[in-house]
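Chemist: Below is the file run.csv, which contains CSV, C-alpha atoms.
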```
chain,number,residue,atom,x,y,z
J,114,MET,CA,-35.1,-28.5,7.4
J,115,GLU,CA,-33.6,-27.2,10.6
J,116,LYS,CA,-32.6,-23.7,11.4
J,117,PHE,CA,-29.1,-22.8,12.5
J,118,ARG,CA,-27.2,-19.8,13.7
J,119,ALA,CA,-23.5,-19.5,13.1
J,120,ARG,CA,-20.7,-17.2,13.8
J,121,VAL,CA,-17.5,-17.0,11.7
J,122,LEU,CA,-14.5,-15.4,13.4
J,123,ILE,CA,-11.9,-14.1,11.0
J,124,LYS,CA,-8.5,-13.0,11.9
J,125,LEU,CA,-5.3,-12.1,10.1
J,126,ARG,CA,-2.8,-15.0,10.1
J,127,PRO,CA,-0.2,-14.6,12.8
J,128,SER,CA,2.5,-13.8,10.3
J,129,VAL,CA,0.6,-10.9,8.8
J,130,LEU,CA,1.1,-7.5,10.5
J,131,ASP,CA,-2.1,-5.9,11.7
J,132,PRO,CA,-1.5,-2.1,11.6
J,133,ALA,CA,-5.0,-1.4,12.9
J,134,GLY,CA,-4.4,-3.5,15.9
J,135,GLU,CA,-1.0,-1.7,16.5
J,136,ALA,CA,-2.7,1.7,16.3
J,137,THR,CA,-5.4,0.5,18.8
J,138,LYS,CA,-2.7,-0.8,21.1
J,139,SER,CA,-1.1,2.6,21.0
J,140,ALA,CA,-4.4,4.3,21.9
J,141,ALA,CA,-4.8,1.8,24.7
J,142,SER,CA,-1.6,3.0,26.2
J,143,LYS,CA,-2.7,6.7,25.8
J,144,LEU,CA,-5.9,5.7,27.7
J,145,GLY,CA,-3.6,4.7,30.5
J,146,VAL,CA,-4.3,1.0,30.3
J,147,LYS,CA,-1.0,-0.7,31.0
J,148,GLY,CA,0.1,-4.2,30.3
J,149,ILE,CA,-1.5,-4.6,26.9
J,150,SER,CA,1.1,-6.6,24.9
J,151,SER,CA,-0.8,-7.3,21.7
J,152,ILE,CA,-4.1,-6.3,20.0
J,153,ARG,CA,-5.2,-7.9,16.8
J,154,ILE,CA,-8.4,-7.0,15.1
J,155,GLY,CA,-10.6,-9.5,13.3
J,156,LYS,CA,-14.2,-9.8,12.1
J,157,SER,CA,-17.2,-11.6,13.5
J,158,ILE,CA,-19.8,-12.5,11.0
J,159,GLU,CA,-23.2,-13.8,12.2
J,160,ILE,CA,-25.2,-16.0,9.9
J,161,GLU,CA,-28.7,-17.6,10.0
J,162,LEU,CA,-29.4,-20.5,7.7
J,163,VAL,CA,-31.4,-23.6,7.1
J,164,ALA,CA,-30.1,-27.1,6.4
J,165,SER,CA,-31.3,-30.6,6.6
J,166,ASN,CA,-28.9,-31.4,9.4
J,167,GLU,CA,-25.9,-30.0,11.3
J,168,ASN,CA,-23.4,-31.7,9.0
J,169,GLU,CA,-24.9,-30.1,6.0
J,170,ALA,CA,-25.0,-26.7,7.7
J,171,ARG,CA,-21.4,-27.1,8.7
J,172,SER,CA,-20.2,-28.0,5.2
J,173,LYS,CA,-22.1,-25.0,3.6
J,174,LEU,CA,-20.6,-22.7,6.1
J,175,GLU,CA,-17.1,-24.1,5.6
J,176,LEU,CA,-17.4,-23.5,1.9
J,177,LEU,CA,-18.7,-20.0,2.5
J,178,SER,CA,-15.9,-19.2,5.0
J,179,ASP,CA,-13.1,-20.5,2.9
J,180,ARG,CA,-14.2,-19.1,-0.5
J,181,LEU,CA,-15.9,-15.8,0.4
J,182,LEU,CA,-15.8,-14.6,4.0
J,183,ALA,CA,-12.1,-15.1,4.5
J,184,ASN,CA,-9.1,-15.0,2.2
J,185,PRO,CA,-6.9,-17.9,3.3
J,186,VAL,CA,-3.8,-16.3,1.9
J,187,ILE,CA,-3.9,-13.7,4.8
J,188,GLU,CA,-6.7,-14.8,7.1
J,189,ASP,CA,-7.6,-17.7,9.4
J,190,TRP,CA,-11.2,-18.4,10.3
J,191,THR,CA,-13.1,-20.4,12.9
J,192,LEU,CA,-16.7,-21.5,12.8
J,193,GLU,CA,-19.2,-21.8,15.7
J,194,LEU,CA,-22.5,-23.4,14.8
J,195,PHE,CA,-25.6,-23.6,16.9
J,196,PRO,CA,-29.1,-25.1,16.2
J,197,VAL,CA,-31.6,-22.3,16.7
J,198,ASN,CA,-33.4,-24.1,19.5
J,199,SER,CA,-30.1,-24.3,21.4
J,200,LYS,CA,-30.1,-22.5,24.6
J,201,GLN,CA,-26.6,-21.3,24.0
J,202,SER,CA,-26.8,-17.7,22.8
J,203,ILE,CA,-24.4,-16.1,20.4
M,6,MET,CA,-7.1,-4.2,-31.8
M,7,SER,CA,-9.8,-3.6,-29.2
M,8,ILE,CA,-9.8,-3.6,-25.5
M,9,GLY,CA,-12.5,-3.6,-22.8
M,10,VAL,CA,-12.6,-1.8,-19.5
M,11,VAL,CA,-14.7,-3.5,-16.8
M,12,VAL,CA,-17.1,-1.3,-14.9
M,13,PHE,CA,-18.2,-2.6,-11.5
M,14,PRO,CA,-20.5,-0.6,-9.2
M,15,GLY,CA,-17.9,1.5,-7.4
M,16,SER,CA,-15.2,1.5,-10.1
M,17,ASN,CA,-13.9,5.1,-10.3
M,18,CYS,CA,-10.9,4.9,-12.7
M,19,ASP,CA,-12.8,3.2,-15.6
M,20,ARG,CA,-13.2,6.5,-17.5
M,21,ASP,CA,-9.6,7.5,-16.8
M,22,VAL,CA,-8.5,4.2,-18.4
M,23,HIS,CA,-10.8,4.9,-21.3
M,24,TRP,CA,-9.4,8.4,-21.7
M,25,ALA,CA,-5.8,7.0,-21.6
M,26,THR,CA,-6.3,4.0,-23.9
M,27,GLN,CA,-8.6,5.5,-26.5
M,28,GLY,CA,-7.8,9.2,-26.1
M,29,CYS,CA,-4.1,9.1,-25.6
M,30,LEU,CA,-3.1,5.8,-27.3
M,31,GLY,CA,-5.9,5.6,-29.9
M,32,ILE,CA,-6.8,2.0,-29.0
M,33,SER,CA,-10.5,1.2,-29.6
M,34,THR,CA,-11.9,0.8,-26.1
M,35,ARG,CA,-15.3,-0.2,-24.9
M,36,PHE,CA,-16.8,-0.4,-21.4
M,37,LEU,CA,-17.9,-3.9,-20.1
M,38,TRP,CA,-20.6,-3.8,-17.5
M,39,HIS,CA,-19.9,-6.3,-14.7
M,40,GLU,CA,-22.9,-8.4,-15.6
M,41,THR,CA,-21.9,-9.1,-19.1
M,42,ARG,CA,-20.3,-12.3,-20.2
M,43,ASP,CA,-19.5,-11.1,-23.7
M,44,LEU,CA,-15.8,-10.5,-24.3
M,45,SER,CA,-16.0,-11.2,-28.0
M,46,GLY,CA,-13.7,-9.2,-30.2
M,47,LEU,CA,-11.5,-8.1,-27.4
M,48,ASP,CA,-7.7,-8.6,-27.3
M,49,ALA,CA,-7.2,-7.2,-23.8
M,50,VAL,CA,-9.3,-6.4,-20.7
M,51,VAL,CA,-8.5,-3.8,-18.0
M,52,LEU,CA,-9.8,-4.2,-14.4
M,53,PRO,CA,-9.7,-0.5,-13.3
M,54,GLY,CA,-9.2,1.0,-9.9
M,55,GLY,CA,-11.9,2.1,-7.5
M,56,PHE,CA,-14.0,0.4,-4.8
M,57,SER,CA,-15.9,-2.4,-6.5
M,58,TYR,CA,-19.1,-3.2,-4.7
M,59,GLY,CA,-18.0,-0.7,-2.0
M,60,ASP,CA,-15.1,-3.1,-1.3
M,61,TYR,CA,-17.3,-4.6,1.4
M,62,LEU,CA,-16.0,-7.6,3.2
M,63,ARG,CA,-12.5,-7.3,1.6
M,64,CYS,CA,-11.2,-5.4,-1.4
M,65,GLY,CA,-12.1,-7.3,-4.5
M,66,ALA,CA,-13.9,-10.1,-2.6
M,67,ILE,CA,-17.4,-9.5,-3.9
M,68,ALA,CA,-16.2,-8.4,-7.4
M,69,SER,CA,-14.6,-11.8,-7.9
M,70,PHE,CA,-18.1,-13.3,-8.2
M,71,ALA,CA,-19.2,-11.0,-11.0
M,72,PRO,CA,-20.4,-12.7,-14.2
M,73,VAL,CA,-17.8,-10.8,-16.3
M,74,LEU,CA,-15.0,-12.5,-14.3
M,75,ASP,CA,-16.3,-16.0,-15.3
M,76,SER,CA,-15.7,-15.1,-18.9
M,77,LEU,CA,-12.4,-13.5,-17.9
M,78,LEU,CA,-11.0,-16.8,-16.6
M,79,ASP,CA,-11.6,-18.3,-20.0
M,80,PHE,CA,-10.3,-15.2,-21.8
M,81,VAL,CA,-7.0,-15.5,-19.8
M,82,ASP,CA,-6.8,-19.2,-20.5
M,83,LYS,CA,-6.9,-18.5,-24.2
M,84,GLY,CA,-4.1,-16.0,-24.0
M,85,GLY,CA,-6.1,-12.8,-23.7
M,86,ARG,CA,-4.2,-10.0,-22.0
M,87,VAL,CA,-5.5,-8.6,-18.7
M,88,LEU,CA,-4.3,-5.6,-16.7
M,89,GLY,CA,-5.5,-5.1,-13.2
M,90,ILE,CA,-4.8,-1.7,-11.8
M,91,CYS,CA,-5.1,-1.1,-8.0
M,92,ASN,CA,-8.6,-2.5,-7.2
M,93,GLY,CA,-8.2,-4.5,-10.3
M,94,PHE,CA,-5.0,-6.0,-8.9
M,95,GLN,CA,-6.8,-6.8,-5.7
M,96,ILE,CA,-9.6,-8.6,-7.7
M,97,LEU,CA,-7.0,-10.6,-9.7
M,98,THR,CA,-5.6,-12.0,-6.5
M,99,GLU,CA,-9.0,-12.7,-5.1
M,100,ILE,CA,-10.0,-14.8,-8.2
M,101,GLY,CA,-6.6,-16.5,-8.2
M,102,LEU,CA,-5.3,-15.2,-11.5
M,103,LEU,CA,-2.4,-13.8,-9.5
M,104,PRO,CA,-1.0,-15.1,-6.2
M,105,GLY,CA,-0.9,-13.3,-2.9
M,106,ALA,CA,-3.2,-10.8,-1.4
M,107,LEU,CA,-3.4,-7.0,-0.8
M,108,THR,CA,-4.2,-5.7,2.6
M,109,ARG,CA,-4.2,-2.6,4.8
M,110,ASN,CA,-1.2,-0.2,4.3
M,111,LYS,CA,1.3,-0.6,7.1
M,112,ASN,CA,0.9,3.0,8.2
M,113,LEU,CA,-2.9,2.9,7.8
M,114,HIS,CA,-2.9,6.0,5.5
M,115,PHE,CA,-4.6,6.2,2.2
M,116,ILE,CA,-1.5,7.2,0.1
M,117,CYS,CA,-2.0,9.4,-2.9
M,118,ARG,CA,1.2,10.5,-4.5
M,119,ASP,CA,3.8,9.7,-7.1
M,120,ALA,CA,5.8,6.5,-6.5
M,121,SER,CA,9.3,5.9,-7.8
M,122,LEU,CA,9.6,2.3,-9.1
M,123,THR,CA,12.2,-0.1,-10.4
M,124,VAL,CA,11.5,-2.3,-13.3
M,125,SER,CA,12.5,-5.7,-12.0
M,126,SER,CA,11.4,-8.0,-14.8
M,127,ILE,CA,11.2,-7.6,-18.5
M,128,ARG,CA,10.2,-11.3,-19.1
M,129,THR,CA,6.7,-10.3,-20.4
M,130,ASN,CA,5.5,-8.0,-23.1
M,131,TRP,CA,4.2,-5.5,-20.5
M,132,LEU,CA,7.7,-4.0,-19.9
M,133,ASN,CA,9.9,-5.6,-22.5
M,134,LYS,CA,10.9,-2.3,-24.0
M,135,ARG,CA,12.6,-1.6,-20.7
M,136,SER,CA,15.8,-2.9,-19.0
M,137,VAL,CA,15.9,-4.4,-15.6
M,138,GLY,CA,16.8,-1.7,-13.1
M,139,ASP,CA,15.1,1.1,-15.1
M,140,GLN,CA,13.4,3.8,-13.0
M,141,ILE,CA,9.9,4.9,-13.7
M,142,THR,CA,7.4,7.1,-11.8
M,143,LEU,CA,3.7,6.3,-11.5
M,144,PRO,CA,1.0,7.7,-9.2
M,145,ILE,CA,-0.3,5.5,-6.4
M,146,ALA,CA,-3.6,6.0,-4.7
M,147,HIS,CA,-4.6,3.3,-2.2
M,148,GLY,CA,-5.3,2.4,1.4
M,149,GLU,CA,-4.9,-1.4,0.9
M,150,GLY,CA,-1.9,-2.0,-1.2
M,151,ARG,CA,0.3,-4.0,1.1
M,152,PHE,CA,1.2,-7.1,-0.9
M,153,GLN,CA,1.4,-10.3,1.2
M,154,CYS,CA,2.1,-13.9,0.3
M,155,SER,CA,3.7,-17.0,1.8
M,156,ARG,CA,7.4,-17.5,1.7
M,157,ASP,CA,6.9,-20.3,-0.9
M,158,THR,CA,4.8,-18.0,-3.1
M,159,LEU,CA,7.5,-15.3,-3.0
M,160,SER,CA,10.1,-17.8,-4.0
M,161,GLU,CA,8.0,-18.9,-6.9
M,162,LEU,CA,7.5,-15.3,-8.0
M,163,GLU,CA,11.2,-14.8,-7.9
M,164,ASP,CA,12.0,-18.1,-9.6
M,165,ASN,CA,9.5,-17.4,-12.4
M,166,ASP,CA,10.8,-13.8,-12.8
M,167,SER,CA,7.2,-12.6,-12.1
M,168,ILE,CA,7.9,-9.6,-10.0
M,169,ALA,CA,7.4,-6.8,-12.5
M,170,LEU,CA,7.7,-3.6,-10.5
M,171,ARG,CA,9.1,-2.8,-7.1
M,172,TYR,CA,8.9,0.4,-5.0
M,173,ASN,CA,12.1,2.3,-4.4
M,174,GLU,CA,10.7,3.6,-1.1
M,175,ASN,CA,8.2,1.1,0.1
M,176,PRO,CA,5.1,3.2,0.9
M,177,ASN,CA,2.7,0.6,2.2
M,178,GLY,CA,4.7,-2.3,3.8
M,179,SER,CA,4.5,-4.6,0.7
M,180,LEU,CA,6.5,-7.8,1.0
M,181,TYR,CA,9.8,-7.4,-0.9
M,182,ASP,CA,8.7,-3.9,-2.0
M,183,ILE,CA,6.4,-5.5,-4.5
M,184,ALA,CA,4.3,-3.1,-6.6
M,185,GLY,CA,3.3,-5.3,-9.5
M,186,ILE,CA,3.4,-9.0,-10.6
M,187,THR,CA,2.7,-11.1,-13.6
M,188,ASN,CA,1.3,-14.6,-14.0
M,189,LEU,CA,3.5,-17.4,-15.2
M,190,LYS,CA,2.2,-17.2,-18.8
M,191,GLY,CA,2.9,-13.5,-18.8
M,192,ASN,CA,-0.5,-12.3,-20.1
M,193,VAL,CA,-1.8,-11.0,-16.8
M,194,LEU,CA,-0.2,-8.0,-15.0
M,195,GLY,CA,-1.5,-6.6,-11.7
M,196,LEU,CA,-0.1,-3.5,-10.2
M,197,MET,CA,-1.1,-1.0,-7.5
M,198,PRO,CA,0.2,2.1,-9.3
M,199,HIS,CA,-2.0,3.8,-11.9
M,200,PRO,CA,-0.5,3.9,-15.4
M,201,GLU,CA,-3.6,5.6,-16.8
M,202,ARG,CA,-2.8,8.7,-14.7
M,203,ALA,CA,0.6,9.0,-16.3
M,204,CYS,CA,-0.2,9.2,-20.0
M,205,ASP,CA,0.1,12.9,-20.6
M,206,PRO,CA,2.9,15.2,-19.6
M,207,ILE,CA,0.5,17.8,-18.4
M,208,ILE,CA,-0.9,15.6,-15.6
M,209,GLY,CA,2.0,13.4,-14.6
M,210,GLY,CA,4.5,12.1,-17.1
M,211,LEU,CA,4.4,9.4,-19.7
M,212,ASN,CA,5.6,6.3,-17.9
M,213,GLY,CA,2.1,5.0,-17.8
M,214,ARG,CA,1.7,4.9,-21.6
M,215,GLU,CA,4.3,2.2,-22.0
M,216,ILE,CA,2.5,-0.1,-19.6
M,217,LEU,CA,-0.9,0.5,-21.3
M,218,GLU,CA,0.9,-0.1,-24.7
M,219,GLY,CA,1.5,-3.6,-23.3
M,220,LEU,CA,-2.2,-4.2,-23.8
M,221,LEU,CA,-1.4,-4.4,-27.5
M,222,GLY,CA,0.8,-7.5,-26.8
```
Have the structure of the file written as structure tokens, please.
Modeler:
Amino acid sequence: MEKFRARVLIKLRPSVLDPAGEATKSAASKLGVKGISSIRIGKSIEIELVASNENEARSKLELLSDRLLANPVIEDWTLELFPVNSKQSI
Amino acid sequence: MSIGVVVFPGSNCDRDVHWATQGCLGISTRFLWHETRDLSGLDAVVLPGGFSYGDYLRCGAIASFAPVLDSLLDFVDKGGRVLGICNGFQILTEIGLLPGALTRNKNLHFICRDASLTVSSIRTNWLNKRSVGDQITLPIAHGEGRFQCSRDTLSELEDNDSIALRYNENPNGSLYDIAGITNLKGNVLGLMPHPERACDPIIGGLNGREILEGLLG
């Protein structure tokens, strides 16, 4: 079995209003940071797992993301997957 | 006639529902721990309000994997009646018994007050003693009650006459002012307002009783 690390990024679908993002945008302007036209807040979920190969790891994580981590009715998700020995840090 | 009220870790309206159904309406009511699969002898099940499993990840997301909900899918399939109130409504959408999803209120506030509602469907037994357009008042208490769904789903809800209740003054940004919906078969109702808190004139009117009476079919 190989070890993997993954990160699932979840964001509200573009058609769904993100009131928390809007509130944060308003605070950004109070901070004096100009030029911010949009802030949308999502979630980043970091996962460690073992699987026999990258394809198996990916299919496990796709199931997990689609059925549990995100609600596809209102959220989109993207998956980043790295073998643990990868030099790329997450 | 007997009903069950599911108790998840973090449910906080389970006893209120019990008080309303057994105490006010005299319906034999038993609690169902979330790990049970035994729904035998029940005619209806209530998923109460609260914060099941702390509402971690998303409201209702973790609850939808509870053993009791496995049995609930079967129960609904066989015609059993299910009422999801607030967190219970969120759970019903998460497990797919009702379409759409409920997310953060538009104004970010946790809103706890009476809501004035319009009955917009009398297709099902939940509200069939009413007329379309009737006004009722029920308390709401939620931070994540903004109903969202795709345009196609909204059309289906309208075409199937499945929008049961709509807010008169939309408190949370719900699509089409939706406060409660039913499934196609009509045996499942999910709503954000709390009927169990409006079953005694002393604490907030009687409009909740008629919805809970819908548990009787």
Chemist: Which of these residues is nearest to chain M, using only C-alpha atoms: J:Lys138, J:Arg120, J:Arg180, J:Arg171?
Modeler: J:Arg180
Chemist: Would you please work out which residue, of M:Ile32, M:Leu189, M:Val51, M:Ile67, is nearest to chain J when using all atoms listed in the file?
Modeler: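 That would be M:Ile67, the residue with the smallest distance to chain J.
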Chemist: Excluding Asn192 of chain M and its own-chain neighbours fewer than 6 positions away, which residues fall within 12 Å of it when counting all atoms listed in the file? Please give them as a list in words.
Modeler: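 The neighbour list is Asp48, Ala49, Val50, Val51, Leu78, Phe80, Val81, Asp82, Lys83, Gly84, Gly85, Arg86, Val87, Leu88, Gly89, Leu102, Leu103, Arg128, Thr129, Asn130, Trp131, Leu132, Ser167, Ile186, Gly219, Leu220, Leu221 and Gly222 of chain M.
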Chemist: What residues in chain M have any atom no more than 12 Å from chain J when counting only C-alpha atoms, and can you write them as number ranges by chain?
Modeler: M: 61-70, 95-96, 98-101, 103-114, 148-149, 151-158, 177-180
Chemist: Give the answer as one residue: which of J:Phe117, J:Ala141, J:Ser151, J:Leu122 has the shortest atom-to-atom distance to Lys173 of chain J, using all atoms listed in the file?
Modeler: J:Phe117
Chemist: So how many Å separate atom CA of Ser33 of chain M and atom CA of Asn92 of chain M, to one decimal?
Modeler: 22.8 Å
Chemist: What's around Ile149 of chain J at 12 Å? Count only C-alpha atoms, leave out sequence neighbours fewer than 5 positions away in its own chain, and write the answer as a ChimeraX atom specification.
Modeler: /J:134-135,137-144
